[in-house]
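File shown: input.json (JSON, C-alpha atoms).
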[["chain", "number", "residue", "atom", "x", "y", "z"],
["A", 28, "MET", "CA", 101.89, 18.52, -4.64],
["A", 29, "PHE", "CA", 101.80, 19.11, -8.39],
["A", 30, "ASP", "CA", 100.41, 16.58, -10.84],
["A", 31, "PRO", "CA", 103.61, 14.73, -11.84],
["A", 32, "LEU", "CA", 102.22, 14.05, -15.31],
["A", 33, "LEU", "CA", 101.67, 17.73, -16.03],
["A", 34, "HIS", "CA", 104.55, 19.17, -14.04],
["A", 35, "GLN", "CA", 106.92, 18.50, -16.88],
["A", 36, "SER", "CA", 107.80, 21.06, -19.52],
["A", 37, "ILE", "CA", 106.92, 19.16, -22.73],
["A", 38, "ARG", "CA", 103.76, 17.57, -21.34],
["A", 39, "SER", "CA", 102.41, 20.84, -19.91],
["A", 40, "LYS", "CA", 102.98, 22.55, -23.27],
["A", 41, "LEU", "CA", 101.41, 19.61, -25.08],
["A", 42, "VAL", "CA", 98.28, 19.66, -22.94],
["A", 43, "SER", "CA", 98.09, 23.48, -23.25],
["A", 44, "LEU", "CA", 98.02, 23.15, -27.03],
["A", 45, "LEU", "CA", 95.29, 20.52, -26.80],
["A", 46, "ILE", "CA", 93.26, 22.59, -24.31],
["A", 47, "ALA", "CA", 93.32, 25.51, -26.76],
["A", 48, "ASN", "CA", 92.45, 23.40, -29.79],
["A", 49, "ASP", "CA", 90.55, 20.32, -28.46],
["A", 50, "GLU", "CA", 92.46, 18.21, -30.97],
["A", 51, "LEU", "CA", 95.58, 18.42, -33.11],
["A", 52, "PRO", "CA", 97.38, 16.14, -35.55],
["A", 53, "PHE", "CA", 100.49, 14.37, -34.27],
["A", 54, "LYS", "CA", 102.60, 16.23, -36.83],
["A", 55, "ALA", "CA", 101.39, 19.66, -35.71],
["A", 56, "LEU", "CA", 102.20, 18.82, -32.09],
["A", 57, "LYS", "CA", 105.63, 17.60, -33.11],
["A", 58, "GLU", "CA", 106.33, 20.84, -35.00],
["A", 59, "ALA", "CA", 104.92, 23.11, -32.31],
["A", 60, "LEU", "CA", 106.82, 21.40, -29.50],
["A", 61, "GLU", "CA", 110.00, 20.86, -31.54],
["A", 62, "VAL", "CA", 110.44, 17.26, -30.39],
["A", 63, "THR", "CA", 111.22, 14.01, -32.17],
["A", 64, "ASP", "CA", 108.58, 11.40, -33.08],
["A", 65, "GLY", "CA", 109.90, 9.07, -30.38],
["A", 66, "ASN", "CA", 109.94, 11.73, -27.70],
["A", 67, "LEU", "CA", 106.41, 12.87, -28.49],
["A", 68, "SER", "CA", 105.10, 9.28, -28.63],
["A", 69, "SER", "CA", 106.60, 8.61, -25.21],
["A", 70, "HIS", "CA", 104.87, 11.65, -23.66],
["A", 71, "LEU", "CA", 101.59, 10.82, -25.41],
["A", 72, "SER", "CA", 101.67, 7.24, -24.10],
["A", 73, "LYS", "CA", 102.03, 8.48, -20.51],
["A", 74, "LEU", "CA", 99.12, 10.88, -20.90],
["A", 75, "GLU", "CA", 96.96, 8.31, -22.69],
["A", 76, "LYS", "CA", 97.62, 5.72, -19.99],
["A", 77, "GLU", "CA", 96.06, 8.08, -17.42],
["A", 78, "LYS", "CA", 93.21, 8.90, -19.84],
["A", 79, "TYR", "CA", 94.25, 12.58, -20.10],
["A", 80, "ILE", "CA", 94.15, 12.33, -23.86],
["A", 81, "ARG", "CA", 92.73, 10.10, -26.58],
["A", 82, "ILE", "CA", 94.65, 9.09, -29.67],
["A", 83, "GLU", "CA", 92.75, 8.31, -32.84],
["A", 84, "LYS", "CA", 94.32, 6.86, -35.94],
["A", 85, "THR", "CA", 92.44, 7.64, -39.12],
["A", 86, "PHE", "CA", 93.07, 7.72, -42.84],
["A", 87, "GLU", "CA", 92.99, 10.80, -45.02],
["A", 88, "GLY", "CA", 92.64, 9.20, -48.42],
["A", 89, "LYS", "CA", 95.35, 6.55, -48.32],
["A", 90, "ARG", "CA", 97.47, 8.52, -45.88],
["A", 91, "PRO", "CA", 97.40, 7.54, -42.19],
["A", 92, "LYS", "CA", 96.78, 10.39, -39.80],
["A", 93, "THR", "CA", 97.09, 10.43, -36.03],
["A", 94, "ILE", "CA", 94.83, 12.83, -34.14],
["A", 95, "VAL", "CA", 95.39, 13.62, -30.48],
["A", 96, "LYS", "CA", 92.35, 14.79, -28.49],
["A", 97, "ILE", "CA", 92.07, 16.16, -24.97],
["A", 98, "ALA", "CA", 89.88, 13.99, -22.72],
["A", 99, "PRO", "CA", 87.62, 15.36, -19.91],
["A", 100, "THR", "CA", 89.99, 13.86, -17.32],
["A", 101, "GLY", "CA", 92.90, 15.71, -18.91],
["A", 102, "ARG", "CA", 90.98, 18.99, -19.02],
["A", 103, "LYS", "CA", 90.07, 18.67, -15.32],
["A", 104, "ALA", "CA", 93.64, 17.71, -14.38],
["A", 105, "PHE", "CA", 94.98, 20.71, -16.30],
["A", 106, "GLU", "CA", 92.60, 23.10, -14.51],
["A", 107, "ASP", "CA", 93.61, 21.64, -11.15],
["A", 108, "TYR", "CA", 97.27, 21.91, -12.08],
["A", 109, "ILE", "CA", 96.92, 25.60, -12.99],
["A", 110, "GLU", "CA", 95.09, 26.23, -9.71],
["A", 111, "ALA", "CA", 97.86, 24.44, -7.79],
["A", 112, "LEU", "CA", 100.52, 26.53, -9.55],
["A", 113, "LYS", "CA", 98.64, 29.78, -8.80],
["A", 114, "GLN", "CA", 98.16, 28.83, -5.17],
["A", 115, "PHE", "CA", 101.82, 27.92, -4.80],
["A", 116, "ILE", "CA", 102.92, 31.25, -6.29],
["A", 117, "GLU", "CA", 100.56, 33.20, -4.01],
["A", 118, "GLU", "CA", 101.74, 31.38, -0.89],
["A", 119, "ASN", "CA", 105.45, 31.69, -1.59],
["B", 2, "MET", "CA", 112.62, 34.19, -4.80],
["B", 3, "SER", "CA", 112.81, 30.47, -4.09],
["B", 4, "GLU", "CA", 113.84, 28.10, -6.84],
["B", 5, "GLU", "CA", 110.47, 26.33, -6.67],
["B", 6, "LYS", "CA", 108.57, 29.58, -7.14],
["B", 7, "ALA", "CA", 110.75, 30.57, -10.08],
["B", 8, "GLU", "CA", 110.08, 27.15, -11.60],
["B", 9, "ALA", "CA", 106.31, 27.54, -11.07],
["B", 10, "LEU", "CA", 106.35, 30.99, -12.71],
["B", 11, "ARG", "CA", 108.36, 29.65, -15.64],
["B", 12, "GLN", "CA", 105.86, 26.81, -16.00],
["B", 13, "ILE", "CA", 102.93, 29.28, -16.04],
["B", 14, "ASP", "CA", 104.70, 31.37, -18.71],
["B", 15, "GLU", "CA", 105.32, 28.33, -20.90],
["B", 16, "ILE", "CA", 101.70, 27.23, -20.56],
["B", 17, "LYS", "CA", 100.46, 30.72, -21.47],
["B", 18, "SER", "CA", 102.64, 30.81, -24.56],
["B", 19, "HIS", "CA", 101.26, 27.45, -25.68],
["B", 20, "LEU", "CA", 97.58, 28.23, -25.10],
["B", 21, "VAL", "CA", 97.31, 29.20, -28.74],
["B", 22, "ASP", "CA", 94.65, 28.45, -31.26],
["B", 23, "LYS", "CA", 95.75, 26.47, -34.30],
["B", 24, "GLN", "CA", 94.67, 29.44, -36.41],
["B", 25, "THR", "CA", 97.85, 31.12, -35.20],
["B", 26, "PHE", "CA", 99.89, 28.33, -36.76],
["B", 27, "PHE", "CA", 100.75, 29.66, -40.16],
["B", 28, "PRO", "CA", 102.48, 26.92, -42.07],
["B", 29, "TYR", "CA", 104.51, 29.10, -44.35],
["B", 30, "ASN", "CA", 108.08, 28.71, -45.45],
["B", 31, "TYR", "CA", 109.51, 32.21, -45.24],
["B", 32, "HIS", "CA", 112.37, 31.18, -47.52],
["B", 33, "ALA", "CA", 109.84, 31.66, -50.33],
["B", 34, "THR", "CA", 109.84, 35.37, -49.49],
["B", 35, "TYR", "CA", 113.54, 35.47, -50.44],
["B", 36, "VAL", "CA", 112.60, 34.09, -53.85],
["B", 37, "TRP", "CA", 109.90, 36.76, -54.23],
["B", 38, "SER", "CA", 112.41, 39.42, -53.20],
["B", 39, "ALA", "CA", 114.82, 38.26, -55.89],
["B", 40, "ILE", "CA", 112.04, 38.19, -58.50],
["B", 41, "SER", "CA", 110.95, 41.66, -57.45],
["B", 42, "ALA", "CA", 114.52, 42.95, -57.88],
["B", 43, "ILE", "CA", 114.76, 41.42, -61.37],
["B", 44, "LEU", "CA", 111.38, 42.86, -62.37],
["B", 45, "THR", "CA", 112.24, 46.31, -61.03],
["B", 46, "LEU", "CA", 115.56, 46.45, -62.86],
["B", 47, "MET", "CA", 114.60, 44.67, -66.10],
["B", 48, "MET", "CA", 110.93, 45.48, -66.65],
["B", 49, "VAL", "CA", 111.47, 48.69, -68.61],
["B", 50, "SER", "CA", 114.02, 47.19, -71.01],
["B", 51, "MET", "CA", 111.86, 44.06, -71.46],
["B", 52, "TYR", "CA", 108.81, 46.15, -72.37],
["B", 53, "GLU", "CA", 110.98, 48.41, -74.53],
["B", 54, "ALA", "CA", 112.01, 45.34, -76.56],
["B", 55, "SER", "CA", 108.36, 44.48, -77.14],
["B", 56, "ILE", "CA", 105.17, 44.43, -75.10],
["B", 57, "LEU", "CA", 104.70, 40.72, -75.79],
["B", 58, "GLN", "CA", 108.26, 39.86, -74.78],
["B", 59, "GLY", "CA", 107.93, 41.93, -71.60],
["B", 60, "THR", "CA", 104.59, 40.34, -70.71],
["B", 61, "VAL", "CA", 105.88, 36.80, -71.29],
["B", 62, "ALA", "CA", 109.03, 37.49, -69.27],
["B", 63, "VAL", "CA", 107.03, 38.93, -66.36],
["B", 64, "PHE", "CA", 104.62, 35.98, -66.50],
["B", 65, "ILE", "CA", 107.51, 33.47, -66.45],
["B", 66, "LEU", "CA", 109.15, 35.18, -63.48],
["B", 67, "ILE", "CA", 105.88, 35.28, -61.54],
["B", 68, "ALA", "CA", 105.19, 31.63, -62.42],
["B", 69, "VAL", "CA", 108.66, 30.65, -61.14],
["B", 70, "GLY", "CA", 107.82, 32.45, -57.89],
["B", 71, "PHE", "CA", 104.51, 30.64, -57.43],
["B", 72, "VAL", "CA", 105.94, 27.21, -58.27],
["B", 73, "THR", "CA", 108.84, 27.70, -55.86],
["B", 74, "GLU", "CA", 106.54, 28.99, -53.14],
["B", 75, "GLY", "CA", 104.15, 26.12, -53.73],
["B", 76, "ILE", "CA", 106.90, 23.53, -53.37],
["B", 77, "LEU", "CA", 108.37, 25.14, -50.25],
["B", 78, "THR", "CA", 104.98, 25.67, -48.61],
["B", 79, "LYS", "CA", 103.76, 22.15, -49.40],
["B", 80, "LYS", "CA", 106.62, 20.74, -47.36],
["B", 81, "VAL", "CA", 105.72, 22.87, -44.34],
["B", 82, "ASN", "CA", 102.02, 22.09, -44.69],
["B", 83, "GLU", "CA", 102.77, 18.39, -44.71],
["B", 84, "SER", "CA", 104.83, 18.76, -41.57],
["B", 85, "TYR", "CA", 101.88, 20.38, -39.75],
["B", 86, "ASP", "CA", 99.09, 18.34, -41.31],
["B", 87, "ILE", "CA", 96.38, 20.86, -40.34],
["B", 88, "GLU", "CA", 93.81, 20.94, -43.10],
["B", 89, "ASP", "CA", 92.29, 24.38, -42.49],
["B", 90, "CYS", "CA", 95.77, 25.97, -42.30],
["B", 91, "THR", "CA", 96.58, 24.39, -45.67],
["B", 92, "LEU", "CA", 93.32, 25.71, -47.11],
["B", 93, "ARG", "CA", 94.06, 29.18, -45.74],
["B", 94, "GLN", "CA", 97.51, 29.07, -47.32],
["B", 95, "GLN", "CA", 96.02, 27.98, -50.66],
["B", 96, "PHE", "CA", 93.48, 30.82, -50.48],
["B", 97, "ILE", "CA", 96.26, 33.37, -49.95],
["B", 98, "MET", "CA", 98.28, 31.95, -52.85],
["B", 99, "LYS", "CA", 95.26, 32.00, -55.17],
["B", 100, "SER", "CA", 94.55, 35.64, -54.22],
["B", 101, "PHE", "CA", 98.16, 36.60, -54.97],
["B", 102, "PHE", "CA", 98.01, 34.68, -58.24],
["B", 103, "MET", "CA", 94.82, 36.40, -59.43],
["B", 104, "LEU", "CA", 96.23, 39.79, -58.48],
["B", 105, "SER", "CA", 99.46, 39.02, -60.33],
["B", 106, "LEU", "CA", 97.52, 38.12, -63.48],
["B", 107, "PHE", "CA", 95.62, 41.40, -63.19],
["B", 108, "LEU", "CA", 98.90, 43.30, -62.75],
["B", 109, "ILE", "CA", 100.48, 41.56, -65.74],
["B", 110, "VAL", "CA", 97.57, 42.61, -67.98],
["B", 111, "LEU", "CA", 97.51, 46.12, -66.54],
["B", 112, "SER", "CA", 101.28, 46.44, -67.00],
["B", 113, "ALA", "CA", 101.01, 45.39, -70.65],
["B", 114, "ILE", "CA", 98.41, 48.09, -71.26],
["B", 115, "LEU", "CA", 100.38, 50.77, -69.40],
["B", 116, "ALA", "CA", 103.64, 49.71, -71.10],
["B", 117, "SER", "CA", 102.07, 50.24, -74.52],
["B", 118, "TYR", "CA", 101.75, 53.93, -73.50],
["B", 119, "LYS", "CA", 105.24, 53.87, -71.93],
["B", 120, "LEU", "CA", 103.74, 54.58, -68.51],
["B", 121, "TYR", "CA", 106.50, 52.82, -66.60],
["B", 122, "VAL", "CA", 106.22, 54.78, -63.36],
["B", 123, "PRO", "CA", 102.48, 53.91, -63.01],
["B", 124, "ILE", "CA", 103.39, 50.25, -63.70],
["B", 125, "PHE", "CA", 105.83, 50.23, -60.78],
["B", 126, "LEU", "CA", 103.44, 52.12, -58.54],
["B", 127, "SER", "CA", 100.60, 49.67, -59.36],
["B", 128, "TRP", "CA", 102.80, 46.71, -58.43],
["B", 129, "LEU", "CA", 104.03, 48.42, -55.28],
["B", 130, "PHE", "CA", 100.56, 49.41, -54.12],
["B", 131, "LEU", "CA", 98.60, 46.27, -54.99],
["B", 132, "ILE", "CA", 101.19, 43.71, -53.86],
["B", 133, "SER", "CA", 101.53, 45.68, -50.63],
["B", 134, "LEU", "CA", 97.75, 45.66, -50.23],
["B", 135, "VAL", "CA", 97.77, 41.86, -50.29],
["B", 136, "TYR", "CA", 100.72, 41.79, -47.88],
["B", 137, "PHE", "CA", 98.66, 44.07, -45.63],
["B", 138, "ALA", "CA", 95.63, 41.77, -45.78],
["B", 139, "VAL", "CA", 97.78, 38.71, -45.05],
["B", 140, "GLY", "CA", 99.57, 40.49, -42.20],
["B", 141, "PHE", "CA", 96.29, 41.72, -40.73],
["B", 142, "VAL", "CA", 94.42, 38.42, -40.97],
["B", 143, "LEU", "CA", 97.31, 36.29, -39.75],
["B", 144, "ASN", "CA", 98.55, 38.82, -37.21],
["B", 145, "ILE", "CA", 101.98, 39.24, -38.77],
["B", 146, "GLY", "CA", 102.64, 42.79, -37.59],
["B", 147, "ARG", "CA", 105.79, 43.20, -39.64],
["B", 148, "PHE", "CA", 103.87, 42.58, -42.87],
["B", 149, "THR", "CA", 101.22, 45.18, -42.01],
["B", 150, "GLN", "CA", 103.87, 47.76, -41.07],
["B", 151, "MET", "CA", 105.90, 47.07, -44.19],
["B", 152, "SER", "CA", 102.90, 47.23, -46.50],
["B", 153, "THR", "CA", 101.53, 50.39, -44.88],
["B", 154, "PHE", "CA", 104.86, 52.08, -45.56],
["B", 155, "ASN", "CA", 104.85, 50.82, -49.16],
["B", 156, "MET", "CA", 101.28, 51.93, -49.87],
["B", 157, "PHE", "CA", 101.95, 55.40, -48.50],
["B", 158, "ALA", "CA", 105.15, 55.56, -50.56],
["B", 159, "ALA", "CA", 103.21, 54.55, -53.69],
["B", 160, "ILE", "CA", 100.51, 57.19, -53.08],
["B", 161, "LEU", "CA", 103.14, 59.84, -52.35],
["B", 162, "LEU", "CA", 105.08, 59.05, -55.53],
["B", 163, "LEU", "CA", 101.86, 59.07, -57.54],
["B", 164, "ALA", "CA", 100.97, 62.48, -56.12],
["B", 165, "ILE", "CA", 104.48, 63.84, -56.84],
["B", 166, "GLY", "CA", 104.32, 62.41, -60.35],
["B", 167, "LEU", "CA", 100.91, 63.97, -60.98],
["B", 168, "ILE", "CA", 101.95, 67.36, -59.64],
["B", 169, "ASN", "CA", 105.25, 67.39, -61.53],
["B", 170, "GLY", "CA", 103.85, 65.75, -64.63],
["B", 171, "THR", "CA", 106.58, 63.09, -64.50],
["B", 172, "LEU", "CA", 104.38, 59.97, -64.66],
["B", 173, "LEU", "CA", 105.19, 59.45, -68.35],
["B", 174, "GLY", "CA", 108.68, 58.19, -67.56],
["B", 175, "GLU", "CA", 110.44, 60.76, -69.64],
["B", 176, "ASP", "CA", 111.96, 62.06, -66.43],
["B", 177, "HIS", "CA", 114.60, 59.40, -65.77],
["B", 178, "THR", "CA", 115.37, 60.75, -62.29],
["B", 179, "PHE", "CA", 111.77, 60.17, -61.18],
["B", 180, "LEU", "CA", 111.76, 56.72, -62.77],
["B", 181, "ARG", "CA", 115.00, 55.81, -60.94],
["B", 182, "MET", "CA", 113.53, 57.15, -57.69],
["B", 183, "THR", "CA", 110.45, 54.96, -58.15],
["B", 184, "GLN", "CA", 112.68, 51.95, -58.85],
["B", 185, "ILE", "CA", 114.68, 52.62, -55.68],
["B", 186, "VAL", "CA", 111.45, 52.74, -53.63],
["B", 187, "MET", "CA", 110.38, 49.46, -55.32],
["B", 188, "LEU", "CA", 113.70, 47.86, -54.38],
["B", 189, "ILE", "CA", 113.34, 49.02, -50.80],
["B", 190, "GLY", "CA", 109.64, 48.13, -50.51],
["B", 191, "LEU", "CA", 109.32, 44.87, -52.37],
["B", 192, "THR", "CA", 112.86, 43.49, -52.28],
["B", 193, "MET", "CA", 114.73, 44.61, -49.18],
["B", 194, "MET", "CA", 111.89, 44.92, -46.70],
["B", 195, "PRO", "CA", 110.20, 41.54, -47.38],
["B", 196, "ALA", "CA", 113.63, 39.87, -47.21],
["B", 197, "ILE", "CA", 114.32, 41.53, -43.86],
["B", 198, "VAL", "CA", 110.87, 40.48, -42.54],
["B", 199, "ALA", "CA", 111.46, 36.91, -43.73],
["B", 200, "TRP", "CA", 114.89, 36.87, -42.09],
["B", 201, "GLN", "CA", 113.37, 38.10, -38.81],
["B", 202, "GLN", "CA", 110.54, 35.54, -38.96],
["B", 203, "ILE", "CA", 112.97, 32.70, -39.69],
["B", 204, "ARG", "CA", 115.31, 33.87, -36.91],
["B", 205, "GLU", "CA", 112.38, 33.74, -34.47],
["B", 206, "GLY", "CA", 111.54, 30.23, -35.61],
["B", 207, "LYS", "CA", 108.24, 31.15, -37.29]]
As a first step, turn the structure in this file into C-alpha cells.
Amino acid sequence: MFDPLLHQSIRSKLVSLLIANDELPFKALKEALEVTDGNLSSHLSKLEKEKYIRIEKTFEGKRPKTIVKIAPTGRKAFEDYIEALKQFIEEN
Amino acid sequence: MSEEKAEALRQIDEIKSHLVDKQTFFPYNYHATYVWSAISAILTLMMVSMYEASILQGTVAVFILIAVGFVTEGILTKKVNESYDIEDCTLRQQFIMKSFFMLSLFLIVLSAILASYKLYVPIFLSWLFLISLVYFAVGFVLNIGRFTQMSTFNMFAAILLLAIGLINGTLLGEDHTFLRMTQIVMLIGLTMMPAIVAWQQIREGK
C-alpha cells in the first residue's frame, strides 16, 4: 500500500530534507538525521537504485564533497506517498 | 486508534518536522556562548579596576579577553561548520562573527574614552545595550526566539538604568550602589541569561 522505500523513518526524513532543499551535502544530511556514515550510505544507495535521488561527487578545492539531489522520480514518489498517508488517515 | 493509523500520523509528523529549509540549519556550537558568558563575567567584575590602573592597561586587557572569545568561538564553530558542509550557512556564521567583532572594537574604543572620564556605568550600559542589539538581530534573523527575548529584556534594562542614572545623576559612578546594581544587571543579562539559553539549545540538540 505504501511505498516501501519511503515508508521507513530515516528515508522519509531524508527525502523530506531533500524536497525542502533540492540538494544537500552528505555531511549535512548525516548531522540532520543523526545517523552514521554507513547507515546513511546504505539508505542513499537504496534510493539511488530506484532513481529517487542523484549523488554527485565533486571537489571543493582539494576536498571531496558529496552532494545528494532529489530526482523528479523521487519528488513524484514522495508526493504520492504523502497522498497515500493522508488517504489512509482519512479512511481509518 | 489502530496501530497503523498511529504509525501513519507519526510518519506525517516526522516528515513535517524535516521539511525544513537549510537556512534553518544554524551551524553554531553553543558551547562558545559559555565562553562568552565567562568573559562577560570577568569584564563586568574586573573592568573598573583594570581601567583604574590605567586606560591603556584596561583597553589591552579588554581587547585580549575579547580576542580569546573570538578565537575560541572560531575554533568551536569551524568544527560544526565542517560537520555540516553547507557553504551559505558558513558564510552566514562568518558574517555574524564579523559584525560582533566590529561592534566589539567600537565598544573597546568607546569604553576607553568613557573610562578616561570615569564614566563606568555608561560603559557597562553601552556593552549591555549594543551586545544585546546584536543578539537581537541574530535571534530575529535566525529565528532563535530565546535570543530575541533575552536581548529585549537586556535592552530595556539598559535603557531603564540609563534613565534612572540620568534622573538621579548617578551616571558618574561615584554612587557605588548604582554601579553595583548595573554590574548585577550585566551579570544577569550577559552572563547568566546567555548561558541558560545555550544550555537550553544544547539540551534540545540545536
Quick one: which residues from chain B are at most 8 Å off chain A, using only C-alpha atoms, as a list in words?
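Taking only C-alpha atoms into account, Ser3, Lys6, Ala9, Leu10, Gln12, Ile13, Glu15, Ile16, Lys17, His19, Leu20, Val21, Asp22, Lys23, Ser84, Tyr85, Asp86 and Ile87 of chain B sit within 8 Å of chain A.
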Between atom CA of Leu46 of chain B and atom CA of Thr171 of chain B lies a distance of 19.0 Å
Provide the atom CA of Glu106 of chain A to atom CA of Thr85 of chain A distance in Å, to one decimal place.
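Value for the atom CA of Glu106 of chain A-atom CA of Thr85 of chain A distance: 29.1 Å.
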Calculate how many Å separate atom CA of Leu163 of chain B from atom CA of Ile189 of chain B, rounding to one decimal.
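Separating atom CA of Leu163 of chain B from atom CA of Ile189 of chain B is a distance of 16.7 Å.
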